[in-house]
$ cat protein_0.cif   # mmCIF, C-alpha atoms
data_query
#
loop_
_atom_site.label_atom_id
_atom_site.label_comp_id
_atom_site.auth_asym_id
_atom_site.auth_seq_id
_atom_site.Cartn_x
_atom_site.Cartn_y
_atom_site.Cartn_z
CA SER A 1396 96.51 64.41 153.79
CA PRO A 1397 98.77 62.08 151.78
CA GLU A 1398 97.50 59.15 153.81
CA GLU A 1399 93.96 59.86 152.60
CA ARG A 1400 94.87 59.80 148.92
CA PRO A 1401 94.07 56.62 146.95
CA GLN A 1402 96.93 54.16 147.00
CA PHE A 1403 95.69 51.90 144.20
CA PRO A 1404 98.53 51.08 141.78
CA GLY A 1405 96.43 51.24 138.61
CA ALA A 1406 95.42 54.93 138.52
CA SER A 1407 96.35 58.42 139.70
CA ALA A 1408 93.24 60.02 141.17
CA GLU A 1409 91.51 61.57 144.16
CA PHE A 1410 88.69 60.13 146.23
CA ALA A 1411 85.17 61.44 145.60
CA GLU A 1412 82.20 61.35 148.00
CA ARG A 1413 79.56 62.03 145.32
CA LEU A 1414 78.25 59.30 142.98
CA GLU A 1415 78.85 60.67 139.49
CA PHE A 1416 79.57 58.94 136.18
CA ILE A 1417 81.88 60.58 133.67
CA GLN A 1418 79.88 61.70 130.66
CA PRO A 1419 81.66 61.22 127.33
CA ASN A 1420 80.28 64.47 125.88
CA VAL A 1421 81.04 66.77 128.82
CA LEU A 1422 84.70 67.39 128.00
CA ALA A 1423 85.45 69.83 125.20
CA GLY A 1424 86.56 68.25 121.94
CA ILE A 1425 90.26 67.96 121.21
CA PRO A 1426 91.25 70.97 119.05
CA VAL A 1427 92.56 70.56 115.50
CA TYR A 1428 96.05 72.03 115.08
CA ARG A 1429 96.62 73.95 111.86
CA VAL A 1430 99.18 76.34 110.40
CA MET A 1431 97.38 77.67 107.30
CA ASP A 1432 93.81 78.63 106.60
CA ARG A 1433 92.02 77.30 103.52
CA GLN A 1434 93.48 80.09 101.37
CA GLY A 1435 97.07 79.16 102.25
CA GLN A 1436 97.56 82.08 104.64
CA VAL A 1437 99.81 81.28 107.62
CA LEU A 1438 97.85 82.15 110.76
CA ARG A 1439 100.73 82.40 113.23
CA PRO A 1440 104.18 83.18 111.76
CA SER A 1441 105.95 81.32 114.57
CA GLU A 1442 104.26 78.07 113.41
CA ASP A 1443 105.45 78.38 109.80
CA PRO A 1444 108.14 75.67 109.42
CA GLN A 1445 110.00 78.02 107.05
CA LEU A 1446 110.80 75.23 104.62
CA PRO A 1447 113.01 76.27 101.70
CA LYS A 1448 111.43 76.79 98.31
CA GLU A 1449 112.97 73.59 96.90
CA GLN A 1450 111.38 71.45 99.62
CA VAL A 1451 107.98 73.11 99.31
CA LEU A 1452 108.10 72.48 95.55
CA LYS A 1453 108.93 68.84 96.27
CA LEU A 1454 105.93 68.60 98.59
CA TYR A 1455 103.66 70.06 95.92
CA LYS A 1456 105.04 68.03 93.03
CA THR A 1457 104.85 64.80 95.00
CA MET A 1458 101.20 65.41 95.87
CA THR A 1459 100.21 66.31 92.33
CA LEU A 1460 102.22 63.45 90.81
CA LEU A 1461 100.48 61.04 93.18
CA ASN A 1462 97.15 62.55 92.14
CA THR A 1463 97.97 62.01 88.46
CA MET A 1464 99.10 58.43 89.06
CA ASP A 1465 95.88 57.75 90.95
CA ARG A 1466 93.70 59.05 88.13
CA ILE A 1467 95.40 56.85 85.54
CA LEU A 1468 95.59 53.65 87.59
CA TYR A 1469 92.03 54.04 88.86
CA GLU A 1470 90.75 54.33 85.32
CA SER A 1471 92.95 51.46 84.15
CA GLN A 1472 91.16 49.21 86.63
CA ARG A 1473 87.81 50.37 85.31
CA GLN A 1474 89.02 49.33 81.84
CA GLY A 1475 90.04 45.89 83.11
CA ARG A 1476 93.76 46.47 82.75
CA ILE A 1477 94.51 45.80 86.44
CA SER A 1478 92.42 43.93 88.99
CA PHE A 1479 92.10 46.45 91.83
CA TYR A 1480 93.13 49.93 92.92
CA MET A 1481 92.79 52.36 95.82
CA THR A 1482 93.15 56.11 95.31
CA ASN A 1483 94.58 58.70 97.69
CA TYR A 1484 92.45 61.68 96.64
CA GLY A 1485 92.18 64.28 99.38
CA GLU A 1486 94.69 62.57 101.67
CA GLU A 1487 97.87 63.59 99.84
CA GLY A 1488 98.77 66.14 102.53
CA THR A 1489 98.88 63.48 105.24
CA HIS A 1490 101.31 61.34 103.21
CA VAL A 1491 103.70 64.01 102.05
CA GLY A 1492 103.66 66.23 105.15
CA SER A 1493 104.52 63.29 107.39
CA ALA A 1494 107.07 61.77 105.00
CA ALA A 1495 108.97 65.07 104.81
CA ALA A 1496 109.29 65.16 108.61
CA LEU A 1497 110.84 61.70 108.92
CA ASP A 1498 114.44 60.60 108.73
CA ALA A 1499 115.20 58.50 105.66
CA SER A 1500 116.13 55.56 107.91
CA ASP A 1501 112.87 55.59 109.88
CA LEU A 1502 110.87 52.42 109.40
CA VAL A 1503 107.38 52.82 107.88
CA PHE A 1504 104.47 50.44 108.33
CA GLY A 1505 101.69 51.48 105.97
CA GLN A 1506 98.11 50.35 105.62
CA TYR A 1507 97.26 50.71 101.94
CA ARG A 1508 96.75 54.41 101.34
CA GLU A 1509 100.28 55.70 101.92
CA ALA A 1510 101.68 55.63 98.40
CA GLY A 1511 102.70 59.28 98.81
CA VAL A 1512 105.18 58.34 101.54
CA LEU A 1513 106.98 56.00 99.13
CA LEU A 1514 106.75 58.51 96.30
CA TYR A 1515 108.33 61.21 98.48
CA ARG A 1516 111.15 58.80 99.33
CA GLY A 1517 111.93 58.39 95.64
CA TYR A 1518 110.17 55.13 94.78
CA PRO A 1519 110.09 55.02 90.95
CA LEU A 1520 106.86 55.24 88.98
CA GLU A 1521 107.92 52.11 87.10
CA LEU A 1522 107.83 50.06 90.32
CA PHE A 1523 104.43 51.42 91.33
CA MET A 1524 103.13 50.31 87.94
CA ALA A 1525 104.97 46.97 88.06
CA GLN A 1526 103.41 46.16 91.43
CA CYS A 1527 99.89 47.04 90.29
CA TYR A 1528 100.35 44.98 87.13
CA GLY A 1529 102.15 42.15 88.94
CA ASN A 1530 104.62 41.92 86.08
CA ALA A 1531 108.16 40.52 85.95
CA SER A 1532 109.65 43.77 87.33
CA ASP A 1533 107.44 43.66 90.43
CA PRO A 1534 109.66 43.24 93.54
CA GLY A 1535 106.86 41.10 94.97
CA LYS A 1536 106.99 38.85 91.87
CA GLY A 1537 103.28 39.29 91.16
CA ARG A 1538 102.17 37.57 94.35
CA GLN A 1539 100.42 40.54 95.97
CA MET A 1540 97.25 42.30 94.91
CA PRO A 1541 97.72 45.89 93.63
CA VAL A 1542 98.68 48.80 95.94
CA HIS A 1543 100.47 46.46 98.37
CA TYR A 1544 103.86 48.10 97.96
CA GLY A 1545 107.06 47.40 99.84
CA CYS A 1546 110.66 48.56 99.58
CA PRO A 1547 113.43 47.45 101.97
CA GLU A 1548 115.87 50.00 100.54
CA ARG A 1549 113.48 52.81 101.49
CA HIS A 1550 112.57 51.22 104.83
CA PHE A 1551 108.94 50.70 103.85
CA VAL A 1552 107.52 47.39 105.11
CA THR A 1553 105.40 45.52 102.53
CA ILE A 1554 101.71 46.21 103.02
CA SER A 1555 99.36 43.39 103.95
CA SER A 1556 95.60 43.42 103.41
CA PRO A 1557 94.14 42.53 106.84
CA LEU A 1558 93.38 45.79 108.61
CA ALA A 1559 95.48 46.82 111.62
CA THR A 1560 97.79 43.79 111.59
CA GLN A 1561 100.67 46.22 110.99
CA ILE A 1562 100.06 48.04 114.31
CA PRO A 1563 101.38 45.43 116.79
CA GLN A 1564 104.08 44.49 114.26
CA ALA A 1565 105.22 48.12 114.18
CA VAL A 1566 105.38 48.21 117.97
CA GLY A 1567 107.55 45.09 117.95
CA ALA A 1568 109.89 46.72 115.46
CA ALA A 1569 110.04 49.89 117.57
CA TYR A 1570 110.88 47.86 120.66
CA ALA A 1571 113.71 46.14 118.77
CA ILE A 1572 115.02 49.54 117.65
CA LYS A 1573 114.90 50.75 121.25
CA ARG A 1574 116.87 47.73 122.48
CA ALA A 1575 119.43 48.25 119.71
CA ASP A 1576 119.69 51.96 120.59
CA ALA A 1577 119.49 52.63 116.85
CA ASN A 1578 118.43 56.32 116.95
CA ARG A 1579 115.51 55.62 114.64
CA ALA A 1580 111.74 55.79 114.89
CA VAL A 1581 108.91 53.66 113.56
CA VAL A 1582 105.91 55.32 111.94
CA CYS A 1583 102.72 53.28 111.67
CA TYR A 1584 99.88 54.49 109.44
CA PHE A 1585 96.24 53.37 109.66
CA GLY A 1586 92.73 54.69 109.16
CA GLU A 1587 90.10 55.47 111.77
CA GLY A 1588 88.26 52.26 110.84
CA ALA A 1589 91.34 50.16 111.56
CA ALA A 1590 91.52 51.80 114.99
CA SER A 1591 88.43 49.78 115.93
CA GLU A 1592 90.29 46.51 115.40
CA GLY A 1593 91.66 44.71 118.43
CA ASP A 1594 95.19 44.94 117.04
CA ALA A 1595 95.11 48.72 117.46
CA HIS A 1596 94.28 48.58 121.15
CA ALA A 1597 96.89 45.90 121.82
CA GLY A 1598 99.47 47.91 119.89
CA PHE A 1599 98.72 51.15 121.76
CA ASN A 1600 99.03 49.42 125.10
CA PHE A 1601 102.27 47.60 124.27
CA ALA A 1602 103.83 50.79 122.87
CA ALA A 1603 103.06 52.72 126.06
CA THR A 1604 104.09 50.05 128.55
CA LEU A 1605 107.28 49.16 126.66
CA GLU A 1606 108.05 52.85 126.00
CA CYS A 1607 108.74 52.44 122.29
CA PRO A 1608 109.97 55.10 119.83
CA ILE A 1609 106.89 54.96 117.58
CA VAL A 1610 104.54 57.46 115.99
CA PHE A 1611 101.04 56.15 115.34
CA PHE A 1612 99.59 58.13 112.43
CA CYS A 1613 95.82 57.82 111.99
CA ARG A 1614 94.25 59.18 108.81
CA ASN A 1615 90.66 60.00 109.80
CA ASN A 1616 88.94 60.54 106.46
CA GLY A 1617 85.40 60.29 107.81
CA TYR A 1618 84.49 56.87 106.44
CA ALA A 1619 85.72 53.38 107.28
CA ILE A 1620 84.98 52.13 103.76
CA SER A 1621 81.22 52.86 103.90
CA THR A 1622 80.76 53.41 107.64
CA PRO A 1623 80.66 57.09 108.72
CA THR A 1624 82.37 58.08 111.95
CA SER A 1625 78.98 58.65 113.59
CA GLU A 1626 78.42 54.90 113.36
CA GLN A 1627 82.06 53.92 113.86
CA TYR A 1628 82.56 55.30 117.39
CA ARG A 1629 80.92 57.48 120.04
CA GLY A 1630 83.99 59.10 121.58
CA ASP A 1631 85.86 62.19 120.40
CA GLY A 1632 87.70 60.63 117.49
CA ILE A 1633 90.90 58.59 117.73
CA ALA A 1634 93.18 61.10 119.46
CA ALA A 1635 90.94 60.94 122.53
CA ARG A 1636 91.98 57.30 123.02
CA GLY A 1637 95.64 58.18 123.37
CA PRO A 1638 95.66 59.48 126.97
CA GLY A 1639 93.78 56.38 128.12
CA TYR A 1640 96.68 54.26 126.90
CA GLY A 1641 99.40 56.65 127.98
CA LEU A 1642 100.18 58.03 124.50
CA LEU A 1643 101.08 61.65 123.89
CA SER A 1644 98.43 62.70 121.37
CA ILE A 1645 97.51 65.49 119.00
CA ARG A 1646 94.83 66.14 116.37
CA VAL A 1647 95.92 68.00 113.24
CA ASP A 1648 94.35 69.36 110.08
CA GLY A 1649 95.34 66.66 107.60
CA ASN A 1650 94.64 69.01 104.68
CA ASP A 1651 97.32 71.39 105.97
CA VAL A 1652 100.65 69.91 104.89
CA PHE A 1653 102.59 72.20 107.26
CA ALA A 1654 100.52 71.22 110.29
CA VAL A 1655 101.14 67.55 109.47
CA TYR A 1656 104.85 68.27 108.98
CA ASN A 1657 105.23 70.14 112.29
CA ALA A 1658 103.34 67.54 114.33
CA THR A 1659 105.18 64.58 112.80
CA ARG A 1660 108.60 66.22 113.10
CA GLU A 1661 108.13 67.00 116.80
CA ALA A 1662 106.56 63.62 117.56
CA ARG A 1663 109.39 61.84 115.75
CA ARG A 1664 112.06 63.92 117.56
CA ARG A 1665 110.64 63.22 120.99
CA ALA A 1666 109.89 59.57 120.24
CA VAL A 1667 113.58 58.99 119.50
CA ALA A 1668 114.97 61.24 122.24
CA GLU A 1669 112.63 60.05 125.01
CA ASN A 1670 111.54 56.56 123.90
CA GLN A 1671 107.94 57.72 123.97
CA PRO A 1672 105.02 56.63 121.77
CA PHE A 1673 102.95 59.34 120.07
CA LEU A 1674 99.53 59.34 118.41
CA ILE A 1675 98.68 61.78 115.60
CA GLU A 1676 95.12 61.96 114.29
CA ALA A 1677 95.07 63.73 110.93
CA MET A 1678 91.57 64.91 110.02
CA THR A 1679 90.99 64.73 106.28
CA TYR A 1680 88.44 63.58 103.69
CA ARG A 1681 88.27 61.14 100.77
CA ILE A 1682 87.43 63.33 97.78
CA PRO A 1683 87.04 62.89 94.01
CA PRO A 1684 89.71 63.16 91.32
CA PRO A 1685 90.17 66.36 89.34
CA PRO A 1686 88.28 66.54 86.04
CA PRO A 1687 89.93 65.13 82.91
CA GLN A 1688 92.00 67.43 80.75
CA LYS A 1689 90.20 68.31 77.52
CA LYS A 1690 92.91 68.00 74.93
CA LYS A 1691 94.25 65.59 72.37
CA ASN A 1692 95.42 62.40 74.01
CA ARG A 1693 98.89 61.27 72.98
CA PHE A 1694 98.03 57.81 74.30
CA PRO A 1695 94.90 56.68 72.37
CA TRP A 1696 94.79 53.38 74.24
CA PHE A 1697 94.02 55.30 77.44
CA SER A 1698 90.51 56.72 77.62
CA ALA A 1699 89.83 59.50 80.12
CA ARG A 1700 86.56 58.64 81.84
CA PHE A 1701 86.47 59.67 85.46
CA SER A 1702 83.91 59.00 88.17
CA LEU A 1703 82.41 61.80 90.24
CA ILE A 1704 82.99 60.27 93.66
CA GLY A 1705 86.24 59.31 95.39
CA HIS A 1706 85.48 55.73 96.39
CA HIS A 1707 87.21 53.73 99.11
CA SER A 1708 88.52 51.42 96.40
CA THR A 1709 87.49 50.13 92.98
CA SER A 1710 85.30 47.62 94.83
CA ASP A 1711 83.26 50.41 96.41
CA ASP A 1712 80.50 52.79 95.25
CA SER A 1713 80.48 55.65 97.72
CA SER A 1714 77.46 57.32 96.09
CA ALA A 1715 75.41 54.76 98.05
CA TYR A 1716 76.33 56.31 101.40
CA ARG A 1717 77.20 59.98 100.82
CA SER A 1718 76.00 62.82 98.66
CA VAL A 1719 77.69 64.50 95.73
CA ASP A 1720 77.19 67.87 97.49
CA GLU A 1721 79.15 66.68 100.51
CA VAL A 1722 82.01 65.48 98.35
CA ASN A 1723 82.03 68.63 96.23
CA TYR A 1724 82.40 70.82 99.31
CA TRP A 1725 85.67 69.14 100.28
CA ASP A 1726 86.92 69.14 96.71
CA LYS A 1727 86.33 72.86 96.16
CA GLN A 1728 86.73 74.35 99.64
CA ASP A 1729 89.32 72.32 101.52
CA HIS A 1730 91.73 70.50 99.25
CA PRO A 1731 95.33 69.97 100.51
CA ILE A 1732 96.83 70.53 97.07
CA SER A 1733 95.03 73.81 96.40
CA ARG A 1734 95.87 75.05 99.90
CA LEU A 1735 99.60 74.53 99.35
CA ARG A 1736 99.35 76.05 95.91
CA HIS A 1737 97.82 79.21 97.42
CA TYR A 1738 100.74 79.36 99.86
CA MET A 1739 103.27 79.05 97.02
CA ALA A 1740 101.50 81.63 94.88
CA ARG A 1741 101.56 84.16 97.75
CA ARG A 1742 105.34 83.88 97.80
CA GLY A 1743 105.76 84.04 94.05
CA TRP A 1744 107.07 80.47 93.92
CA TRP A 1745 104.47 79.11 91.48
CA ASP A 1746 102.31 80.48 88.70
CA GLU A 1747 99.81 79.30 86.13
CA GLU A 1748 102.40 78.62 83.45
CA GLU A 1749 104.48 76.46 85.79
CA GLU A 1750 101.32 74.63 86.82
CA LYS A 1751 100.37 73.83 83.23
CA GLY A 1752 103.89 72.71 82.37
CA TRP A 1753 104.18 70.46 85.42
CA ARG A 1754 100.75 68.91 84.91
CA LYS A 1755 101.64 68.11 81.31
CA SER A 1756 105.07 66.66 82.06
CA SER A 1757 103.92 64.67 85.11
CA ARG A 1758 101.05 63.13 83.17
CA LYS A 1759 103.47 62.18 80.41
CA MET A 1760 105.83 60.53 82.94
CA VAL A 1761 103.02 58.49 84.48
CA LEU A 1762 101.55 57.38 81.15
CA GLU A 1763 104.94 56.34 79.79
CA ALA A 1764 105.65 54.27 82.91
CA PHE A 1765 102.16 52.82 82.64
CA GLU A 1766 102.71 51.87 78.99
CA ARG A 1767 106.04 50.15 79.77
CA ALA A 1768 104.49 48.18 82.64
CA GLU A 1769 101.66 46.97 80.43
CA ARG A 1770 104.09 45.58 77.86
CA GLU A 1771 106.08 43.55 80.38
CA PRO A 1772 105.33 39.84 80.81
CA LYS A 1773 104.09 38.26 84.01
CA PRO A 1774 106.57 36.45 86.28
CA PRO A 1775 107.16 32.73 85.52
CA PRO A 1776 104.63 30.41 87.23
CA ARG A 1777 107.39 28.55 89.12
CA LEU A 1778 107.76 31.60 91.41
CA LEU A 1779 104.47 30.60 93.02
CA PHE A 1780 106.49 28.20 95.16
CA SER A 1781 109.59 30.22 96.07
CA ASP A 1782 110.55 32.57 98.92
CA VAL A 1783 108.38 30.96 101.60
CA TYR A 1784 111.08 28.70 103.03
CA LEU A 1785 114.85 29.04 103.03
CA GLU A 1786 114.98 25.52 101.59
CA MET A 1787 111.95 24.37 99.65
CA PRO A 1788 110.34 21.36 101.43
CA PRO A 1789 109.61 18.14 99.51
CA ARG A 1790 105.85 18.74 99.35
CA LEU A 1791 106.33 22.10 97.58
CA ARG A 1792 108.82 20.55 95.17
CA ARG A 1793 106.23 17.88 94.34
CA GLN A 1794 103.56 20.53 93.79
CA ARG A 1795 105.85 22.53 91.52
CA ALA A 1796 106.67 19.42 89.48
CA GLU A 1797 102.96 18.62 89.22
CA LEU A 1798 102.22 22.13 87.91
CA GLU A 1799 105.02 21.83 85.33
CA ARG A 1800 103.65 18.49 84.08
CA HIS A 1801 100.16 19.93 83.92
CA LEU A 1802 101.27 22.92 81.85
CA GLU A 1803 103.25 20.69 79.49
CA THR A 1804 100.13 18.62 78.84
CA TYR A 1805 97.44 21.33 78.83
CA GLY A 1806 99.48 24.45 78.14
CA GLU A 1807 97.36 25.44 75.13
CA HIS A 1808 94.48 26.22 77.50
CA TYR A 1809 96.49 28.86 79.38
CA PRO A 1810 97.85 32.26 78.22
CA LEU A 1811 101.45 31.17 78.79
CA GLN A 1812 102.69 33.62 76.16
CA GLN A 1813 101.98 36.39 78.69
CA PHE A 1814 104.41 34.90 81.22
CA GLN A 1815 108.16 35.13 81.40
CA LYS A 1816 109.83 31.84 80.50
#
$ encode --input "protein_0.cif" --output "structure tokens"
Amino acid sequence: SPEERPQFPGASAEFAERLEFIQPNVLAGIPVYRVMDRQGQVLRPSEDPQLPKEQVLKLYKTMTLLNTMDRILYESQRQGRISFYMTNYGEEGTHVGSAAALDASDLVFGQYREAGVLLYRGYPLELFMAQCYGNASDPGKGRQMPVHYGCPERHFVTISSPLATQIPQAVGAAYAIKRADANRAVVCYFGEGAASEGDAHAGFNFAATLECPIVFFCRNNGYAISTPTSEQYRGDGIAARGPGYGLLSIRVDGNDVFAVYNATREARRRAVAENQPFLIEAMTYRIPPPPPQKKKNRFPWFSARFSLIGHHSTSDDSSAYRSVDEVNYWDKQDHPISRLRHYMARRGWWDEEEEKGWRKSSRKMVLEAFERAEREPKPPPRLLFSDVYLEMPPRLRRQRAELERHLETYGEHYPLQQFQK
């Protein structure tokens, strides 16, 4: 009878007369939603988003352009040209598929491996290069380490290094959007390692209780830097945490750009229409770059030496914790770029000649932007003190004056010719 049902306010449940603990491995694993198989064949026609040819080509060109930019900037760090870099190999489908499903006004909080979202939104190659070089054209004025992009015009919040700090910030922004009735959504990206930070759990809980229009997008690439998922958590991935917090959740094939697109589009639509938070777990893998092209290099200052393993960053050596065979499987059997290319080829939208021409022209674009960024000077040292306060306090003015006196006296010991005057 209704009177015999539990009346506790914190849960919806029935009474049980048998002592039994819930086993974490009894429930079946959350399925992985996909649209295409590994050969680019659509499995269920009703799930094909039926994107026009022009948009599919944009998806493909954005992914391959990002791949080319990664190869060149990764190697530039190895040559000592920039201080740090993080590649996006193997995860391009998660960036581009989700970016294509968003409204241009939706606010994005990235972690540090979402360059494809910005690239899809039209962020110029020159600004990617300027940020990594920290030169005078860098919108951040050289005060951030590489790959920490930001662009207010494209509604992309500047990335910060500490993992998961963007998650509660994104929830706060989503709550503000809800209160303003702005008909927008917030999308917050993070990796499965960041989901172990306390910020993630606080963010999930706030989003659910405040009923915020936010899509949490977790890229599960199998390794939190060097920690495999088997050592990272014991539950069924990240999507399994969603119901416990009251989040509508789904797990998708992150190497299937259409599956990512469909899931993000529907989550974004419902988040705005219903003021509901959603959690998407995109299963993917961090894989190596494609091999170098064996042809005469128009840019002799750039040497093409590429590593065999797709590392977490240039500070990481992933050969210490995973095998080449494991990496090669994902590179050859389940790559998001090759899967979309198979799809395009089946429809006669792309062929080998177009592939060669695009690879050549995209590489030229990246290298030319790279060359221009390398020639630009660094920002003037006085910018070290600006943009923190609306009005610079006396102590910062004293510090700036002290630096100026120091450089006037000992300037010959510093490479001041590399800085903008």
$ residues_around --input "protein_0.cif" --residues "Glu1449 of chain A" --least-positions-apart "4" --cutoff "12 Å" --atoms "all atoms listed in the file" --output "list in words"
Gln1445, Lys1453, Leu1454, Tyr1455, Lys1456, Met1739, Trp1744 and Trp1745 of chain A
$ closest_residue --input "protein_0.cif" --among "A:Gly1545, A:Gly1639, A:Pro1419, A:Gly1485" --to "Ser1733 of chain A" --atoms "all atoms listed in the file"
A:Gly1485
$ closest_residue --input "protein_0.cif" --among "A:Leu1460, A:Ala1406, A:Ala1531, A:Ala1668" --to "Gln1813 of chain A" --atoms "all atoms listed in the file"
A:Ala1531
$ resolve_selection --input "protein_0.cif" --expression "the PyMOL selection byres ((chain A and resi 1652-1656) around 8)" --output "number ranges by chain"
A: 1428-1431, 1443-1444, 1488-1489, 1491-1496, 1647-1651, 1657-1660, 1677, 1731, 1735
$ resolve_selection --input "protein_0.cif" --expression "the PyMOL selection byres ((chain A and resi 1565-1574) around 6)" --output "list in words"
Gln1561, Ile1562, Pro1563, Gln1564, Ala1575, Asp1576, Ala1577, Val1581, Ala1602, Cys1607, Pro1608 and Ile1609 of chain A
$ resolve_selection --input "protein_0.cif" --expression "the PyMOL selection byres ((chain A and resi 1620-1637) around 7)" --output "JSON, numbers by chain"
{"A": [1419, 1424, 1587, 1617, 1618, 1619, 1638, 1639, 1640, 1641, 1642, 1643, 1644, 1645, 1646, 1674, 1675, 1676, 1707, 1713, 1716]}
$ atom_distance --input "protein_0.cif" --atom1 "atom CA of Ala1740 of chain A" --atom2 "atom CA of Val1761 of chain A"
25.4 Å
$ residues_around --input "protein_0.cif" --residues "Ser1555 of chain A" --least-positions-apart "3" --cutoff "9 Å" --atoms "all atoms listed in the file" --output "PDB file with C-alpha atoms, keeping the file's coordinate frame"
ATOM      1  CA  GLY A1505     101.690  51.480 105.970  1.00  0.00           C
ATOM      2  CA  GLN A1506      98.110  50.350 105.620  1.00  0.00           C
ATOM      3  CA  TYR A1507      97.260  50.710 101.940  1.00  0.00           C
ATOM      4  CA  GLN A1539     100.420  40.540  95.970  1.00  0.00           C
ATOM      5  CA  HIS A1543     100.470  46.460  98.370  1.00  0.00           C
ATOM      6  CA  TYR A1544     103.860  48.100  97.960  1.00  0.00           C
ATOM      7  CA  LEU A1558      93.380  45.790 108.610  1.00  0.00           C
ATOM      8  CA  THR A1560      97.790  43.790 111.590  1.00  0.00           C
ATOM      9  CA  GLN A1561     100.670  46.220 110.990  1.00  0.00           C
TER      10      GLN A1561
END
$ closest_atom_pairs --input "protein_0.cif" --of "segment 1511-1622 of chain A" --to "segment 1763-1787 of chain A" --cutoff "10 Å" --atoms "only C-alpha atoms" --output "tab-separated table"
residue	atom	partner	partner_atom	distance
A:Pro1519	CA	A:Ala1764	CA	9.2
A:Leu1520	CA	A:Ala1764	CA	6.3
A:Glu1521	CA	A:Ala1764	CA	5.2
A:Leu1522	CA	A:Ala1768	CA	8.6
A:Phe1523	CA	A:Ala1764	CA	9.0
A:Met1524	CA	A:Ala1768	CA	5.9
A:Ala1525	CA	A:Ala1768	CA	5.6
A:Gln1526	CA	A:Ala1768	CA	9.1
A:Cys1527	CA	A:Ala1768	CA	9.0
A:Tyr1528	CA	A:Ala1768	CA	6.9
A:Gly1529	CA	A:Lys1773	CA	6.6
A:Asn1530	CA	A:Lys1773	CA	4.2
A:Ala1531	CA	A:Pro1774	CA	4.4
A:Ser1532	CA	A:Glu1771	CA	7.8
A:Asp1533	CA	A:Pro1774	CA	8.4
A:Gly1535	CA	A:Pro1774	CA	9.9
A:Lys1536	CA	A:Pro1774	CA	6.1
A:Gly1537	CA	A:Pro1774	CA	6.5
A:Arg1538	CA	A:Leu1779	CA	7.5
$ axis_aligned_box --input "protein_0.cif" --around "segment 1782-1793 of chain A" --padding-each-side "5 Å" --output "JSON"
{"center_x": 110.4, "center_y": 25.2, "center_z": 98.7, "size_x": 19.1, "size_y": 24.7, "size_z": 18.7}
